[in-house]
$ cat entry.cif   # mmCIF, C-alpha atoms and all ligand atoms
data_protein
loop_
_atom_site.label_atom_id
_atom_site.label_comp_id
_atom_site.auth_asym_id
_atom_site.auth_seq_id
_atom_site.Cartn_x
_atom_site.Cartn_y
_atom_site.Cartn_z
CA MET A 282 87.78 71.88 129.48
CA SER A 283 89.97 73.73 127.03
CA ILE A 284 89.31 77.41 126.31
CA ALA A 285 89.30 78.53 122.67
CA PHE A 286 90.71 81.88 121.56
CA ILE A 287 88.00 82.04 118.87
CA ASP A 288 85.43 79.24 119.07
CA LEU A 289 84.25 78.58 115.52
CA GLN A 290 82.73 75.26 116.52
CA ALA A 291 80.33 76.96 118.96
CA GLN A 292 78.92 78.98 116.07
CA ARG A 293 78.83 75.91 113.87
CA ALA A 294 76.73 74.09 116.47
CA GLN A 295 74.07 76.83 116.12
CA ILE A 296 73.68 76.77 112.33
CA LYS A 297 75.28 73.51 111.24
CA ASP A 298 72.19 72.10 109.50
CA LYS A 299 71.58 75.29 107.51
CA ILE A 300 75.21 75.53 106.45
CA ASN A 301 75.44 71.87 105.48
CA ALA A 302 72.25 72.25 103.41
CA ALA A 303 73.62 75.41 101.75
CA ILE A 304 76.88 73.64 100.85
CA ALA A 305 75.02 70.57 99.55
CA SER A 306 72.80 72.74 97.39
CA VAL A 307 75.82 74.37 95.70
CA VAL A 308 77.46 70.97 95.19
CA GLU A 309 74.26 69.70 93.57
CA SER A 310 73.84 72.82 91.42
CA GLY A 311 77.26 72.55 89.79
CA ALA A 312 77.50 76.37 89.72
CA TYR A 313 80.80 76.44 91.59
CA VAL A 314 82.14 79.76 90.30
CA MET A 315 79.99 82.91 90.27
CA GLY A 316 76.84 80.89 90.90
CA PRO A 317 73.58 82.57 91.99
CA PRO A 318 74.50 82.63 95.74
CA VAL A 319 77.41 84.98 94.91
CA ARG A 320 75.09 87.65 93.48
CA GLU A 321 72.58 87.04 96.27
CA PHE A 322 75.25 87.49 98.94
CA GLU A 323 76.60 90.63 97.23
CA ALA A 324 73.11 92.15 97.23
CA GLN A 325 72.78 91.37 100.95
CA LEU A 326 76.22 92.84 101.61
CA ALA A 327 75.28 96.09 99.87
CA ASP A 328 72.04 96.18 101.82
CA TYR A 329 73.78 95.54 105.16
CA THR A 330 76.49 98.18 104.66
CA GLY A 331 74.26 100.71 102.92
CA ALA A 332 76.78 100.89 100.06
CA ARG A 333 75.44 101.14 96.53
CA HIS A 334 77.69 98.32 95.26
CA ALA A 335 79.28 95.27 96.86
CA LEU A 336 81.58 92.90 94.99
CA SER A 337 83.05 89.75 96.45
CA CYS A 338 86.53 88.45 95.72
CA GLY A 339 89.09 85.84 96.77
CA ASN A 340 90.25 87.32 100.09
CA GLY A 341 90.76 90.58 101.98
CA THR A 342 94.24 91.14 100.54
CA ASP A 343 92.90 90.89 96.99
CA ALA A 344 90.09 93.25 97.99
CA LEU A 345 92.74 95.86 98.89
CA HIS A 346 94.70 95.15 95.71
CA LEU A 347 91.56 95.53 93.58
CA ALA A 348 90.60 98.76 95.37
CA MET A 349 94.10 100.21 94.93
CA SER A 350 94.22 99.18 91.26
CA ALA A 351 90.79 100.70 90.57
CA LEU A 352 92.02 103.96 92.11
CA ASN A 353 94.95 103.90 89.63
CA ILE A 354 97.59 103.79 92.32
CA GLY A 355 101.02 103.36 90.75
CA GLU A 356 104.61 104.49 90.50
CA GLY A 357 105.35 107.86 92.12
CA ASP A 358 102.29 107.71 94.36
CA ALA A 359 102.54 108.02 98.14
CA VAL A 360 99.93 105.95 99.98
CA PHE A 361 99.50 106.57 103.71
CA CYS A 362 98.81 103.55 105.95
CA PRO A 363 99.00 102.99 109.70
CA SER A 364 102.16 101.17 110.73
CA PHE A 365 100.38 99.20 113.45
CA THR A 366 98.29 96.79 111.39
CA PHE A 367 98.39 93.42 109.64
CA ALA A 368 100.85 93.01 106.75
CA ALA A 369 98.09 92.93 104.11
CA THR A 370 97.10 96.61 104.56
CA SER A 371 100.13 97.87 102.62
CA GLU A 372 101.20 94.67 100.86
CA PRO A 373 99.71 95.42 97.41
CA LEU A 374 101.45 98.82 97.25
CA PRO A 375 104.97 97.67 96.30
CA LEU A 376 103.35 95.28 93.78
CA LEU A 377 101.75 98.36 92.20
CA ARG A 378 105.10 100.21 92.45
CA ALA A 379 103.63 102.79 94.83
CA THR A 380 105.36 103.92 98.02
CA PRO A 381 103.80 103.16 101.41
CA ILE A 382 104.18 105.96 103.93
CA PHE A 383 103.74 104.58 107.44
CA VAL A 384 101.84 106.75 109.89
CA ASP A 385 101.51 106.45 113.66
CA ILE A 386 98.37 105.53 115.57
CA ASP A 387 96.21 107.06 118.29
CA PRO A 388 97.34 105.53 121.62
CA ARG A 389 93.79 104.85 122.79
CA THR A 390 92.04 103.46 119.69
CA TYR A 391 95.10 101.92 117.94
CA ASN A 392 93.78 103.50 114.72
CA MET A 393 95.53 105.97 112.42
CA ASP A 394 96.20 109.33 114.11
CA PRO A 395 94.69 112.06 111.88
CA VAL A 396 97.09 114.74 113.18
CA LYS A 397 100.16 112.64 112.38
CA LEU A 398 98.59 111.69 109.05
CA GLU A 399 98.32 115.31 108.00
CA ALA A 400 101.90 116.00 109.11
CA ALA A 401 103.10 113.04 107.00
CA ILE A 402 101.18 114.29 103.95
CA GLN A 403 102.68 117.75 104.33
CA LYS A 404 106.16 116.25 104.63
CA VAL A 405 105.72 114.33 101.36
CA LYS A 406 104.35 117.43 99.65
CA THR A 407 107.29 119.54 100.84
CA GLU A 408 109.83 116.95 99.70
CA GLY A 409 108.12 116.89 96.31
CA ALA A 410 109.37 113.50 95.08
CA LEU A 411 106.05 111.65 95.44
CA THR A 412 102.41 112.54 94.90
CA PRO A 413 100.16 112.08 97.95
CA LYS A 414 97.49 109.88 96.36
CA THR A 415 95.53 107.74 98.80
CA ILE A 416 94.97 107.08 102.49
CA VAL A 417 94.33 103.53 103.70
CA ALA A 418 92.80 103.64 107.18
CA VAL A 419 92.21 100.44 109.14
CA CYS A 420 89.38 99.49 111.53
CA LEU A 421 91.83 97.80 113.88
CA PHE A 422 90.48 95.20 116.30
CA GLY A 423 86.95 95.99 115.05
CA GLN A 424 86.60 99.72 115.76
CA PRO A 425 86.19 102.04 112.76
CA ALA A 426 89.05 104.48 112.19
CA ASP A 427 88.28 108.18 112.61
CA TYR A 428 86.79 108.39 109.12
CA PRO A 429 85.12 111.79 109.59
CA ALA A 430 88.48 113.46 110.37
CA ILE A 431 90.48 111.36 107.89
CA SER A 432 88.06 111.99 105.01
CA GLU A 433 88.31 115.74 105.65
CA ILE A 434 92.08 115.45 105.26
CA ALA A 435 91.67 113.34 102.11
CA GLU A 436 89.38 115.99 100.64
CA LYS A 437 91.69 118.85 101.63
CA TYR A 438 94.62 117.28 99.76
CA GLY A 439 92.59 115.83 96.86
CA MET A 440 93.32 112.23 97.88
CA SER A 441 91.23 109.08 97.77
CA LEU A 442 90.38 107.06 100.88
CA ILE A 443 90.23 103.29 101.36
CA ALA A 444 88.78 101.76 104.54
CA ASP A 445 90.52 98.45 105.32
CA SER A 446 87.67 96.93 107.30
CA ALA A 447 88.95 93.36 107.32
CA GLN A 448 88.65 93.33 111.10
CA GLY A 449 85.84 95.85 111.34
CA PHE A 450 83.08 94.60 109.05
CA GLY A 451 79.83 95.78 110.66
CA GLY A 452 81.51 98.50 112.75
CA THR A 453 79.83 101.90 112.50
CA ILE A 454 80.16 105.57 113.42
CA ASN A 455 76.81 107.06 114.46
CA GLY A 456 75.17 104.13 112.69
CA LYS A 457 77.08 104.67 109.41
CA HIS A 458 79.45 102.20 107.78
CA PRO A 459 82.87 103.41 106.51
CA THR A 460 81.69 103.95 102.91
CA GLU A 461 79.83 106.98 104.23
CA TRP A 462 83.31 108.60 104.16
CA ALA A 463 85.63 106.29 102.19
CA ASP A 464 85.70 105.86 98.41
CA ILE A 465 85.96 102.11 98.90
CA ALA A 466 85.84 99.79 101.90
CA THR A 467 87.37 96.33 101.82
CA THR A 468 86.84 93.35 104.06
CA SER A 469 87.98 89.78 104.67
CA PHE A 470 85.92 86.68 105.32
CA PHE A 471 88.88 84.70 106.70
CA PRO A 472 87.33 82.20 109.16
CA ALA A 473 88.49 84.03 112.31
CA LYS A 474 87.12 87.40 111.19
CA PRO A 475 83.84 88.68 112.71
CA LEU A 476 82.06 87.56 109.51
CA GLY A 477 84.09 84.58 108.37
CA CYS A 478 83.53 81.82 105.82
CA TYR A 479 84.97 78.28 105.61
CA GLY A 480 88.11 79.27 103.73
CA ASP A 481 89.33 82.47 102.08
CA GLY A 482 86.99 85.20 100.97
CA GLY A 483 86.78 88.97 100.72
CA ALA A 484 84.77 91.88 99.36
CA VAL A 485 84.86 95.52 98.37
CA TYR A 486 81.94 97.88 98.79
CA THR A 487 81.54 101.39 97.46
CA ASN A 488 79.03 104.07 96.53
CA ARG A 489 80.99 104.91 93.38
CA SER A 490 79.63 103.17 90.29
CA ASP A 491 82.81 103.88 88.29
CA LEU A 492 84.96 102.03 90.85
CA ALA A 493 82.51 99.15 91.15
CA ASP A 494 82.48 98.77 87.37
CA THR A 495 86.30 98.73 87.19
CA ILE A 496 86.62 96.26 90.06
CA ASP A 497 84.03 93.97 88.48
CA SER A 498 86.33 93.88 85.46
CA LEU A 499 89.63 93.61 87.37
CA ARG A 500 88.51 90.62 89.45
CA VAL A 501 87.85 88.59 86.27
CA HIS A 502 91.03 89.09 84.22
CA GLY A 503 90.16 92.65 83.23
CA LYS A 504 87.19 91.50 81.14
CA ALA A 505 85.21 94.27 79.47
CA SER A 506 82.99 95.85 82.12
CA LYS A 507 79.42 97.07 81.66
CA GLY A 508 80.78 100.58 81.17
CA ASP A 509 83.29 99.35 78.55
CA ILE A 510 80.65 97.77 76.31
CA GLU A 511 77.74 100.16 76.80
CA GLN A 512 76.72 101.93 73.58
CA ARG A 513 79.31 100.07 71.52
CA GLU A 514 78.69 97.55 68.79
CA PHE A 515 80.67 94.33 68.49
CA ASN A 516 81.00 91.81 65.70
CA HIS A 517 82.04 89.22 68.31
CA LEU A 518 80.90 88.22 71.79
CA PRO A 519 82.38 90.86 74.16
CA LYS A 520 82.70 88.14 76.84
CA TYR A 521 86.32 87.56 75.83
CA LEU A 522 87.17 91.22 75.34
CA ASN A 523 89.79 92.28 77.91
CA THR A 524 90.08 95.99 78.47
CA ARG A 525 92.62 96.05 81.32
CA ILE A 526 95.13 93.75 83.01
CA GLY A 527 93.28 92.13 85.87
CA VAL A 528 93.50 89.15 88.18
CA ASN A 529 91.43 86.07 88.98
CA SER A 530 89.88 86.77 92.36
CA ARG A 531 86.37 85.46 92.92
CA LEU A 532 84.50 84.28 95.98
CA ASP A 533 83.65 80.58 95.60
CA THR A 534 79.91 79.92 95.33
CA ILE A 535 80.17 77.54 98.31
CA GLN A 536 81.66 80.32 100.44
CA ALA A 537 78.91 82.74 99.34
CA ALA A 538 76.25 80.18 100.32
CA ILE A 539 77.91 79.79 103.75
CA LEU A 540 78.17 83.55 104.17
CA ILE A 541 74.46 84.02 103.43
CA GLU A 542 73.68 81.81 106.45
CA LYS A 543 76.28 83.57 108.59
CA LEU A 544 75.16 87.07 107.64
CA ALA A 545 71.65 86.12 108.78
CA ILE A 546 72.90 85.77 112.37
CA PHE A 547 75.66 88.37 112.18
CA SER A 548 73.82 91.28 113.87
CA ALA A 549 72.85 89.02 116.77
CA GLU A 550 76.47 87.88 117.03
CA VAL A 551 77.73 91.46 117.12
CA GLU A 552 75.33 92.09 120.02
CA LYS A 553 76.75 89.06 121.82
CA ARG A 554 80.27 90.35 121.24
CA GLN A 555 79.27 93.65 122.88
CA VAL A 556 78.08 91.76 125.95
CA VAL A 557 81.36 89.81 126.17
CA ALA A 558 83.41 93.00 125.72
CA GLU A 559 81.41 94.83 128.37
CA ARG A 560 81.89 91.98 130.85
CA TYR A 561 85.66 92.14 130.29
CA THR A 562 85.78 95.91 130.63
CA THR A 563 83.61 96.04 133.75
CA ALA A 564 85.77 93.43 135.46
CA LEU A 565 89.20 94.56 134.28
CA ASP A 566 88.99 98.33 133.97
CA ASN A 567 90.60 99.05 137.33
CA ILE A 568 92.93 96.08 137.22
CA VAL A 569 94.86 96.06 133.93
CA ASP A 570 97.02 98.84 132.49
CA ALA A 571 94.58 99.60 129.64
CA THR A 572 91.25 98.22 128.51
CA PRO A 573 90.01 99.01 125.00
CA TYR A 574 88.69 102.52 124.41
CA VAL A 575 85.76 102.94 122.05
CA LYS A 576 85.04 106.50 120.93
CA ASP A 577 81.65 108.11 121.51
CA GLY A 578 79.20 107.15 118.76
CA TYR A 579 81.52 104.39 117.49
CA ARG A 580 80.52 100.75 117.45
CA SER A 581 83.24 98.12 117.47
CA VAL A 582 82.55 94.57 116.28
CA TRP A 583 85.25 93.34 118.68
CA ALA A 584 87.40 91.30 116.33
CA GLN A 585 89.81 91.39 119.27
CA TYR A 586 89.69 92.34 122.93
CA THR A 587 93.15 93.76 123.55
CA ILE A 588 94.79 94.84 126.80
CA GLU A 589 98.32 96.04 127.52
CA THR A 590 101.15 95.02 129.79
CA PRO A 591 104.87 95.73 129.57
CA GLU A 592 105.41 92.26 131.04
CA ARG A 593 103.73 90.52 128.15
CA ASP A 594 105.84 87.36 127.96
CA ARG A 595 105.32 86.66 131.64
CA PHE A 596 101.59 87.41 131.28
CA GLN A 597 101.19 85.01 128.35
CA GLU A 598 103.09 82.34 130.24
CA HIS A 599 100.83 82.86 133.27
CA MET A 600 97.66 82.59 131.14
CA LYS A 601 99.00 79.49 129.40
CA LYS A 602 99.52 77.82 132.78
CA HIS A 603 95.80 78.42 133.42
CA GLY A 604 94.94 76.86 130.04
CA ILE A 605 93.99 80.22 128.50
CA PRO A 606 95.22 81.12 125.01
CA THR A 607 96.29 84.69 124.22
CA ALA A 608 97.66 86.28 121.03
CA VAL A 609 99.79 89.26 120.07
CA TYR A 610 98.52 91.50 117.26
CA TYR A 611 101.07 92.86 116.22
CA PRO A 612 104.58 92.42 117.63
CA ILE A 613 106.37 94.17 114.72
CA PRO A 614 104.96 97.39 113.22
CA LEU A 615 105.14 97.56 109.44
CA HIS A 616 107.81 100.29 109.37
CA GLN A 617 110.15 97.83 111.11
CA GLN A 618 109.48 94.92 108.73
CA PRO A 619 112.55 93.97 106.70
CA CYS A 620 110.51 93.66 103.48
CA TYR A 621 109.93 97.43 103.44
CA GLU A 622 113.57 98.43 103.69
CA GLY A 623 114.28 100.98 100.98
CA ILE A 624 110.79 100.91 99.47
CA SER A 625 108.74 102.76 102.07
CA GLU A 626 108.89 106.01 103.99
CA ASN A 627 107.84 106.94 107.50
CA GLY A 628 105.93 109.72 109.17
CA ASP A 629 108.10 111.70 111.61
CA ASP A 630 107.01 110.03 114.79
CA LEU A 631 106.09 106.35 115.06
CA SER A 632 106.62 106.16 118.81
CA VAL A 633 103.10 104.97 119.64
CA SER A 634 103.29 102.08 117.14
CA ASN A 635 106.69 101.10 118.54
CA ASP A 636 105.40 101.25 122.11
CA LYS A 637 102.16 99.31 121.52
CA ALA A 638 103.90 96.55 119.57
CA GLY A 639 105.77 95.67 122.76
CA LYS A 640 102.73 95.68 125.06
CA VAL A 641 99.48 94.60 123.43
CA VAL A 642 97.98 91.19 124.09
CA SER A 643 94.55 89.91 123.10
CA LEU A 644 92.24 87.74 125.20
CA PRO A 645 89.81 85.07 123.96
CA MET A 646 86.90 86.80 122.20
CA HIS A 647 83.94 85.40 120.30
CA PRO A 648 80.15 85.68 120.52
CA TYR A 649 79.70 82.36 122.28
CA LEU A 650 82.08 82.93 125.19
CA GLU A 651 80.08 81.67 128.19
CA GLU A 652 79.97 83.79 131.34
CA ASP A 653 81.56 81.03 133.47
CA THR A 654 84.43 80.57 131.05
CA GLN A 655 84.92 84.31 130.86
CA ARG A 656 84.99 84.47 134.67
CA THR A 657 87.88 81.95 134.62
CA ILE A 658 89.76 84.15 132.12
CA ILE A 659 89.07 87.34 134.10
CA ASN A 660 90.23 85.71 137.36
CA ALA A 661 93.47 84.59 135.73
CA VAL A 662 94.09 88.09 134.34
CA ALA A 663 93.32 89.66 137.73
CA ASP A 664 95.65 87.20 139.50
CA PHE A 665 98.50 88.32 137.30
CA PHE A 666 97.93 92.06 137.65
CA LYS A 667 97.23 91.94 141.40
CA GLY A 668 100.06 89.52 142.09
C1 LIG B 701 93.71 94.64 108.74
C2 LIG B 701 93.69 93.52 107.74
N1 LIG B 701 93.70 93.81 106.43
C3 LIG B 701 93.66 92.86 105.49
C4 LIG B 701 93.63 91.52 105.84
C5 LIG B 701 93.70 90.50 104.75
O1 LIG B 701 92.64 89.61 104.69
P1 LIG B 701 92.84 88.15 104.07
O2 LIG B 701 93.54 87.30 105.06
O3 LIG B 701 91.43 87.70 103.80
O4 LIG B 701 93.62 88.29 102.81
C6 LIG B 701 93.60 91.15 107.19
C7 LIG B 701 93.57 89.74 107.59
O5 LIG B 701 93.97 89.34 108.64
C8 LIG B 701 93.64 92.18 108.17
O6 LIG B 701 93.62 91.90 109.48
#
$ encode --input "entry.cif" --output "C-alpha cells" --more "lines below"
Ligand SMILES: Cc1ncc(COP(=O)(O)O)c(C=O)c1O
Amino acid sequence: MSIAFIDLQAQRAQIKDKINAAIASVVESGAYVMGPPVREFEAQLADYTGARHALSCGNGTDALHLAMSALNIGEGDAVFCPSFTFAATSEPLPLLRATPIFVDIDPRTYNMDPVKLEAAIQKVKTEGALTPKTIVAVCLFGQPADYPAISEIAEKYGMSLIADSAQGFGGTINGKHPTEWADIATTSFFPAKPLGCYGDGGAVYTNRSDLADTIDSLRVHGKASKGDIEQREFNHLPKYLNTRIGVNSRLDTIQAAILIEKLAIFSAEVEKRQVVAERYTTALDNIVDATPYVKDGYRSVWAQYTIETPERDRFQEHMKKHGIPTAVYYPIPLHQQPCYEGISENGDDLSVSNDKAGKVVSLPMHPYLEEDTQRTIINAVADFFKG
C-alpha cells in the first residue's frame, strides 16, 4: 500500500457522483466563463467567510495581484511580507514596481513576527526613500497570522493589510476570518490546498465595497465597474468601456461548480483535519524537536503538518525507505532568492527564517488519513528520533 502525501482520490471517492454531475451540467449549459455557478459560489464564499464581498479569479497569485492593484500599490511603495512563505506572496510586487521588504517570522507559528514587522516599518520610515504602504501577512501552513496585532500596526502607520490565506482558507481567530482585520484576504483553490478545485482557481474577499468594485473591474480587463457607470449616461453600451488597465483572471465555471460541491463538505473536512493533527501531536509531542504550535483561540485548517529536525535529509531518506512521502516548505526564504537581488530590502534580523528553512519538514496530511496509516507514519517518525 502506498501512502499519499495529500490523498485527493480519497476525497473524490466520497463525492465523485456529485462532482461529475456538476461538471456535466456546466458542459451541457455552455456557460463556460462567468456562468451562474460562479456567482453562486461567490455568494457561498462570502457567506462562509462572513465577508461582504467575494470575487473569484484565476488563481491565488492573481488574487494577490488584483488585491495589490486595487490598493494602488506602485513605485516607491514599501510592502512588508514574511520571508518564510511561498514565492507568490511577494511575486506581484516587482511587477507593480513596488519594493518588497522581507520580515522575519515567529519561531513557533512560522507567521510574520509583529515586533520585527514594526521595527522594519520604522527602519523604512527613518531611511525615507520609500513609503510604507501595505502589509501582506500569510496564514502559513493553515494557521491565521496574528491579525489583531498586525492590523493595529497597520492602523498606527496608516497602511493597508492583505491576508494571504492561500493555505489558510477557513482558518479563524476566535471564530473570525481574516477579513475581520484585513482590508482584503486572498486565497487559492490549487488542488492541494485545503479547499482545492480540479485545476487553478483563486478568490479575494473583503468588506470594502470600493475594493470589491475595483477588483471586479480589474479581473475583466479593467471594464467599467458598477461604481464607474452609476449615475452616468452613455450613448453606447458601457460593456466595452474600459476605465483602468486590468487583466483576464476569472474562475472557470466548471471549477466553480466543483467548488460548490467541495465547499459543502469543507467544514466536515476541517474537523477531520483537526483529528489527524491531534493524533500526530499526541503521539509525537515528546519525541520530535518541535510539533506545530497553534495559538490560543486560533483555528488552523492544517494545510500542512510540519515538524523540525536539523538532520532533515537523513530523516527524509529514512521516511522514504518506509514508503512515506515528506515535503519541505520552504527550503529557501524569499530574501535569499536570486530573483530579489537588488529589488527588495530586508528587516534587520531574518535569523528565524534562515533557521527554519534548514529544518522544517512536513508529514502526510489530509482529511482522509486513516488511523492505521497514520500509526505507520508515526512509528517511522518515532524510530528516527529515538534511534
Ligand atoms: C502562501 C501562498 N500564497 C499564494 C499562493 C498562490 O496560489 P496559486 O498557486 O493558486 O497561484 C500559494 C500557493 O501555493 C501559497 O502557498
$ residues_around --input "entry.cif" --residues "Thr370 of chain A" --least-positions-apart "3" --cutoff "8 Å" --atoms "all atoms listed in the file" --output "list in words"
Thr342, Leu345, Cys362, Thr366, Phe367, Pro373, Val417, Val419 and Asp445 of chain A
$ write_last_selection --input "entry.cif" --atoms "C-alpha atoms" --output "PDB file, in the frame of the given file"
ATOM      1  CA  THR A 342      94.240  91.140 100.540  1.00  0.00           C
ATOM      2  CA  LEU A 345      92.740  95.860  98.890  1.00  0.00           C
ATOM      3  CA  CYS A 362      98.810 103.550 105.950  1.00  0.00           C
ATOM      4  CA  THR A 366      98.290  96.790 111.390  1.00  0.00           C
ATOM      5  CA  PHE A 367      98.390  93.420 109.640  1.00  0.00           C
ATOM      6  CA  PRO A 373      99.710  95.420  97.410  1.00  0.00           C
ATOM      7  CA  VAL A 417      94.330 103.530 103.700  1.00  0.00           C
ATOM      8  CA  VAL A 419      92.210 100.440 109.140  1.00  0.00           C
ATOM      9  CA  ASP A 445      90.520  98.450 105.320  1.00  0.00           C
TER      10      ASP A 445
END
$ residues_around --input "entry.cif" --residues "Asp427 of chain A" --least-positions-apart "4" --cutoff "9 Å" --atoms "all atoms listed in the file" --output "ChimeraX atom specification"
/A:392-395,418,420,431-432,454
$ residues_near_ligand --input "entry.cif" --ligand "ligand LIG 701 (chain B)" --cutoff "9 Å" --atoms "all atoms listed in the file" --output "PyMOL selection string"
chain A and resi 339-345+366-371+419-422+445-449+467-474+481-483
$ residues_around --input "entry.cif" --residues "Ala608 of chain A" --least-positions-apart "6" --cutoff "8 Å" --atoms "all atoms listed in the file" --output "ChimeraX atom specification"
/A:642-644
$ residues_around --input "entry.cif" --residues "Arg320 of chain A" --least-positions-apart "3" --cutoff "12 Å" --atoms "all atoms listed in the file" --output "VMD selection string"
chain A and resid 314 to 317 323 to 327 334 to 338 531 to 534 537 to 538 540 to 541
$ atom_distance --input "entry.cif" --atom1 "atom CA of Val501 of chain A" --atom2 "atom CA of Ala359 of chain A"
27.1 Å
$ residues_around --input "entry.cif" --residues "Pro519 of chain A" --least-positions-apart "3" --cutoff "12 Å" --atoms "only C-alpha atoms" --output "VMD selection string"
chain A and resid 504 to 507 509 to 511 513 to 516 522 to 524
$ write_last_selection --input "entry.cif" --atoms "C-alpha atoms" --output "JSON list (two decimals), in the frame of the given file"
[["chain", "number", "residue", "atom", "x", "y", "z"],
["A", 504, "LYS", "CA", 87.19, 91.50, 81.14],
["A", 505, "ALA", "CA", 85.21, 94.27, 79.47],
["A", 506, "SER", "CA", 82.99, 95.85, 82.12],
["A", 507, "LYS", "CA", 79.42, 97.07, 81.66],
["A", 509, "ASP", "CA", 83.29, 99.35, 78.55],
["A", 510, "ILE", "CA", 80.65, 97.77, 76.31],
["A", 511, "GLU", "CA", 77.74, 100.16, 76.80],
["A", 513, "ARG", "CA", 79.31, 100.07, 71.52],
["A", 514, "GLU", "CA", 78.69, 97.55, 68.79],
["A", 515, "PHE", "CA", 80.67, 94.33, 68.49],
["A", 516, "ASN", "CA", 81.00, 91.81, 65.70],
["A", 522, "LEU", "CA", 87.17, 91.22, 75.34],
["A", 523, "ASN", "CA", 89.79, 92.28, 77.91],
["A", 524, "THR", "CA", 90.08, 95.99, 78.47]]
$ atom_distance --input "entry.cif" --atom1 "atom CA of Val569 of chain A" --atom2 "atom CA of Phe666 of chain A"
6.3 Å
$ axis_aligned_box --input "entry.cif" --around "segment 318-333 of chain A" --padding-each-side "3 Å" --output "AutoDock Vina command-line options"
--center_x 74.7 --center_y 91.9 --center_z 99.3 --size_x 11.4 --size_y 24.5 --size_z 17.7
$ atom_distance --input "entry.cif" --atom1 "atom CA of Ala303 of chain A" --atom2 "atom CA of Val319 of chain A"
12.4 Å
$ residues_near_point --input "entry.cif" --point "(110.6, 108.8, 111.0)" --cutoff "10 Å" --atoms "all atoms listed in the file" --output "PyMOL selection string"
chain A and resi 382-385+401+616+626-632
$ closest_residue --input "entry.cif" --among "A:Asp653, A:Glu542, A:Glu356, A:Asp497" --to "Ile284 of chain A" --atoms "all atoms listed in the file"
A:Asp653
$ closest_residue --input "entry.cif" --among "A:Glu652, A:Glu592, A:Asp636, A:Asp577" --to "Ile386 of chain A" --atoms "all atoms listed in the file"
A:Asp636
$ residues_near_point --input "entry.cif" --point "(96.0, 90.9, 82.4)" --cutoff "7 Å" --atoms "all atoms listed in the file" --output "tab-separated table (two decimals) with C-alpha atoms, keeping the file's coordinate frame"
chain	number	residue	atom	x	y	z
A	502	HIS	CA	91.03	89.09	84.22
A	503	GLY	CA	90.16	92.65	83.23
A	525	ARG	CA	92.62	96.05	81.32
A	526	ILE	CA	95.13	93.75	83.01
A	527	GLY	CA	93.28	92.13	85.87
A	528	VAL	CA	93.50	89.15	88.18
$ closest_residue --input "entry.cif" --among "A:Ile287, A:Ala484, A:Leu476, A:Tyr428" --to "Ile605 of chain A" --atoms "only C-alpha atoms"
A:Ile287
$ closest_residue --input "entry.cif" --among "A:Tyr486, A:Tyr649, A:Tyr579, A:Tyr586" --to "Ala348 of chain A" --atoms "all atoms listed in the file"
A:Tyr486
$ closest_residue --input "entry.cif" --among "A:Asn660, A:Thr407, A:Thr607, A:Ser581" --to "Ile568 of chain A" --atoms "all atoms listed in the file"
A:Asn660
$ build_atoms --input "entry.cif" --residues "segment 543-556 of chain A" --atoms "N, CA and C atoms" --output "short mmCIF file (atom, residue, chain, number, x, y, z; two decimals), in the coordinates of the input"
data_model
loop_
_atom_site.label_atom_id
_atom_site.label_comp_id
_atom_site.auth_asym_id
_atom_site.auth_seq_id
_atom_site.Cartn_x
_atom_site.Cartn_y
_atom_site.Cartn_z
N LYS A 543 75.59 82.89 107.48
CA LYS A 543 76.28 83.57 108.59
C LYS A 543 75.85 85.03 108.72
N LEU A 544 75.60 85.68 107.58
CA LEU A 544 75.16 87.07 107.64
C LEU A 544 73.79 87.17 108.33
N ALA A 545 72.99 86.12 108.17
CA ALA A 545 71.65 86.12 108.78
C ALA A 545 71.71 86.21 110.31
N ILE A 546 72.80 85.71 110.91
CA ILE A 546 72.90 85.77 112.37
C ILE A 546 73.96 86.78 112.84
N PHE A 547 74.51 87.51 111.85
CA PHE A 547 75.66 88.37 112.18
C PHE A 547 75.30 89.49 113.17
N SER A 548 74.17 90.17 112.96
CA SER A 548 73.82 91.28 113.87
C SER A 548 73.65 90.77 115.29
N ALA A 549 73.03 89.60 115.43
CA ALA A 549 72.85 89.02 116.77
C ALA A 549 74.22 88.67 117.37
N GLU A 550 75.13 88.21 116.53
CA GLU A 550 76.47 87.88 117.03
C GLU A 550 77.23 89.12 117.48
N VAL A 551 77.05 90.21 116.73
CA VAL A 551 77.73 91.46 117.12
C VAL A 551 77.21 91.91 118.50
N GLU A 552 75.90 91.77 118.70
CA GLU A 552 75.33 92.09 120.02
C GLU A 552 75.99 91.24 121.11
N LYS A 553 76.14 89.96 120.83
CA LYS A 553 76.75 89.06 121.82
C LYS A 553 78.20 89.46 122.10
N ARG A 554 78.89 89.89 121.05
CA ARG A 554 80.27 90.35 121.24
C ARG A 554 80.33 91.57 122.16
N GLN A 555 79.31 92.46 122.01
CA GLN A 555 79.27 93.65 122.88
C GLN A 555 79.16 93.23 124.34
N VAL A 556 78.30 92.22 124.58
CA VAL A 556 78.08 91.76 125.95
C VAL A 556 79.40 91.21 126.52
#
